[in-house]
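Participant: Got my_file.txt for you, compact mmCIF, C-alpha atoms:
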# COMPACT_ATOMS: atom_id res chain seq x y z
CA PRO H 1 67.34 120.61 151.47
CA ASN H 2 65.96 122.35 148.45
CA PRO H 3 68.02 123.41 146.54
CA ALA H 4 70.08 120.24 146.85
CA THR H 5 73.72 119.60 146.06
CA THR H 6 74.41 116.02 147.19
CA THR H 7 71.38 114.15 148.55
CA VAL H 8 67.64 114.61 148.97
CA THR H 9 65.59 112.83 151.62
CA ILE H 10 61.88 112.28 151.03
CA LYS H 11 59.82 111.48 154.11
CA SER H 12 56.16 110.48 154.15
CA ASP H 13 53.58 109.34 156.68
CA MET H 14 52.58 106.76 154.05
CA HIS H 15 54.69 104.15 152.35
CA ILE H 16 56.40 105.46 149.24
CA LEU H 17 55.98 102.97 146.41
CA GLN H 18 57.81 104.75 143.61
CA VAL H 19 59.77 107.95 142.97
CA GLU H 20 60.29 109.37 139.48
CA ALA H 21 62.26 112.47 138.50
CA TYR H 22 61.66 114.50 135.33
CA ASP H 23 63.87 117.27 133.98
CA ALA H 24 62.77 120.62 132.54
CA VAL H 25 61.84 119.08 129.17
CA ALA H 26 59.75 116.32 130.83
CA LYS H 27 62.34 113.60 130.21
CA LYS H 28 62.38 110.92 132.90
CA VAL H 29 65.87 110.96 134.41
CA TYR H 30 65.38 108.75 137.47
CA GLY H 31 63.11 106.00 138.71
CA LEU H 32 63.02 103.97 141.91
CA TYR H 33 60.60 101.36 143.23
CA THR H 34 60.53 101.06 147.01
CA ASP H 35 58.29 100.30 149.97
CA SER H 36 59.51 102.69 152.62
CA GLU H 37 58.49 105.87 154.41
CA ILE H 38 61.94 107.45 153.86
CA VAL H 39 63.81 107.56 150.55
CA THR H 40 67.19 109.22 149.97
CA LEU H 41 68.19 110.25 146.46
CA ASP H 42 71.84 110.81 145.51
CA VAL H 43 71.79 113.83 143.16
CA ARG H 44 75.55 114.42 142.96
CA ARG H 45 75.66 113.24 139.33
CA TRP H 46 72.49 115.08 138.27
CA PRO H 47 73.06 118.24 136.23
CA SER H 48 72.09 121.53 137.85
CA GLY H 49 68.50 122.41 137.12
CA THR H 50 64.88 122.09 138.14
CA TYR H 51 63.23 118.68 138.40
CA LEU H 52 59.74 117.46 139.14
CA LEU H 53 59.52 114.51 141.50
CA ARG H 54 56.49 112.24 141.23
CA ILE H 55 56.06 110.42 144.53
CA HIS H 56 53.65 107.49 144.40
CA THR H 57 51.94 106.19 147.56
CA PRO H 58 48.97 103.83 148.04
CA GLN H 59 46.80 106.94 148.58
CA GLY H 60 47.84 108.71 145.37
CA THR H 61 50.62 110.63 143.67
CA ALA H 62 52.24 113.90 144.75
CA VAL H 63 54.40 116.12 142.55
CA LYS H 64 57.13 118.24 144.15
CA LYS H 65 59.68 120.60 142.62
CA LEU H 66 63.38 119.97 143.29
CA VAL H 67 66.24 122.32 142.42
CA VAL H 68 69.74 120.85 142.06
CA ARG H 69 72.66 123.27 142.24
CA LYS H 70 76.36 122.53 141.86
What would the structure in this file look like if it were written as C-alpha cells?
Facilitator:
Amino acid sequence: PNPATTTVTIKSDMHILQVEAYDAVAKKVYGLYTDSEIVTLDVRRWPSGTYLLRIHTPQGTAVKKLVVRK
C-alpha cells in the first residue's frame, strides 16, 4: 500500500536486480541487491516522509514515489 506503515511489496514482470530508496533531501537511506520478481521492504523503522524508490531491472530503471506514515 502507498502510503505504507509496515511493509511495501514491489512486484515486477521482470527480475528486480536492485532497489534503492532516497529521502526528501536525496540521501540514500536503503539499498538491496536481489534477483527476484517480488521484493518486500520493511519500512517500520523508516521515519515518516516521502521517498523515491529506484528499481533496477535488466531492461532499465524505474523511479516510484513512496510515502511512509506512522
Participant: Leaving out stretch 30-33 of chain H and any residue of its chain fewer than 5 positions from it, which residues lie within 6 Å of it when counting all atoms listed in the file, given as a list in words?
Facilitator: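 With the cut-off at 6 Å, the set is Leu17, Gln18, Val19, Glu20 and Ala21 of chain H.
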Participant: Which polymer residues, protein or nucleic acid, are no farther than 8 Å from (49.8, 101.9, 147.1), counting all atoms listed in the file, as a PyMOL selection string?
Facilitator: chain H and resi 15-17+56-60
Participant: Applying 12 Å and all atoms listed in the file, which residues near H:Ala26 remain after dropping the ones on its own chain fewer than 6 positions away? List them as a PyMOL selection string.
Facilitator: chain H and resi 20+50-54
Participant: Quick one: of H:Thr40, H:Thr61, H:Ser48, H:Thr34, who's nearest to H:Pro3, counting all atoms listed in the file?
Facilitator: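 So, comparing all the options, the nearest one is H:Ser48.
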Participant: Between atom CA of H:Asp35 and atom CA of H:Thr9, what distance in Å does the model show, to one decimal?
Facilitator: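 If I compute the distance from atom CA of H:Asp35 to atom CA of H:Thr9, I get 14.6 Å.
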Participant: Separation of atom CA of H:Arg45 and atom CA of H:Met14, in Å?
Facilitator: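 About the pair atom CA of H:Arg45 and atom CA of H:Met14: they are 28.1 Å apart.
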Participant: Would you place a box with edges along x, y and z of the file around all atoms of stretch 47-50 of chain H listed there, add 3 Å to each of its six sides, and report the centre and edge lengths in Å to one decimal, as lines of an AutoDock Vina configuration file?
Facilitator:
center_x = 69.0
center_y = 120.3
center_z = 137.2
size_x = 14.2
size_y = 10.2
size_z = 7.9
Participant: Name the closest residue to H:Ala4 among the candidates H:Lys27, H:Pro47, H:Val63, H:Tyr22; distances are taken between atoms, counting all atoms listed in the file.
Facilitator: H:Pro47
Participant: Hey, can you check how far atom CA of H:Asp23 sits from atom CA of H:Ile55?
Facilitator: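 About the pair atom CA of H:Asp23 and atom CA of H:Ile55: they are 14.8 Å apart.
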Participant: Find the residue from H:Arg69, H:Ala62, H:Trp46, H:Leu41 that sits nearest to H:Val8; use all atoms listed in the file when measuring.
Facilitator: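 Of all the options, H:Leu41 lies closest to H:Val8.
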Participant: I'd like to know which of H:Ile38, H:Gly49, H:Thr6, H:Val25 is closest to H:Lys65, using all atoms listed in the file.
Facilitator: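 Smallest distance to H:Lys65 is found for H:Gly49.
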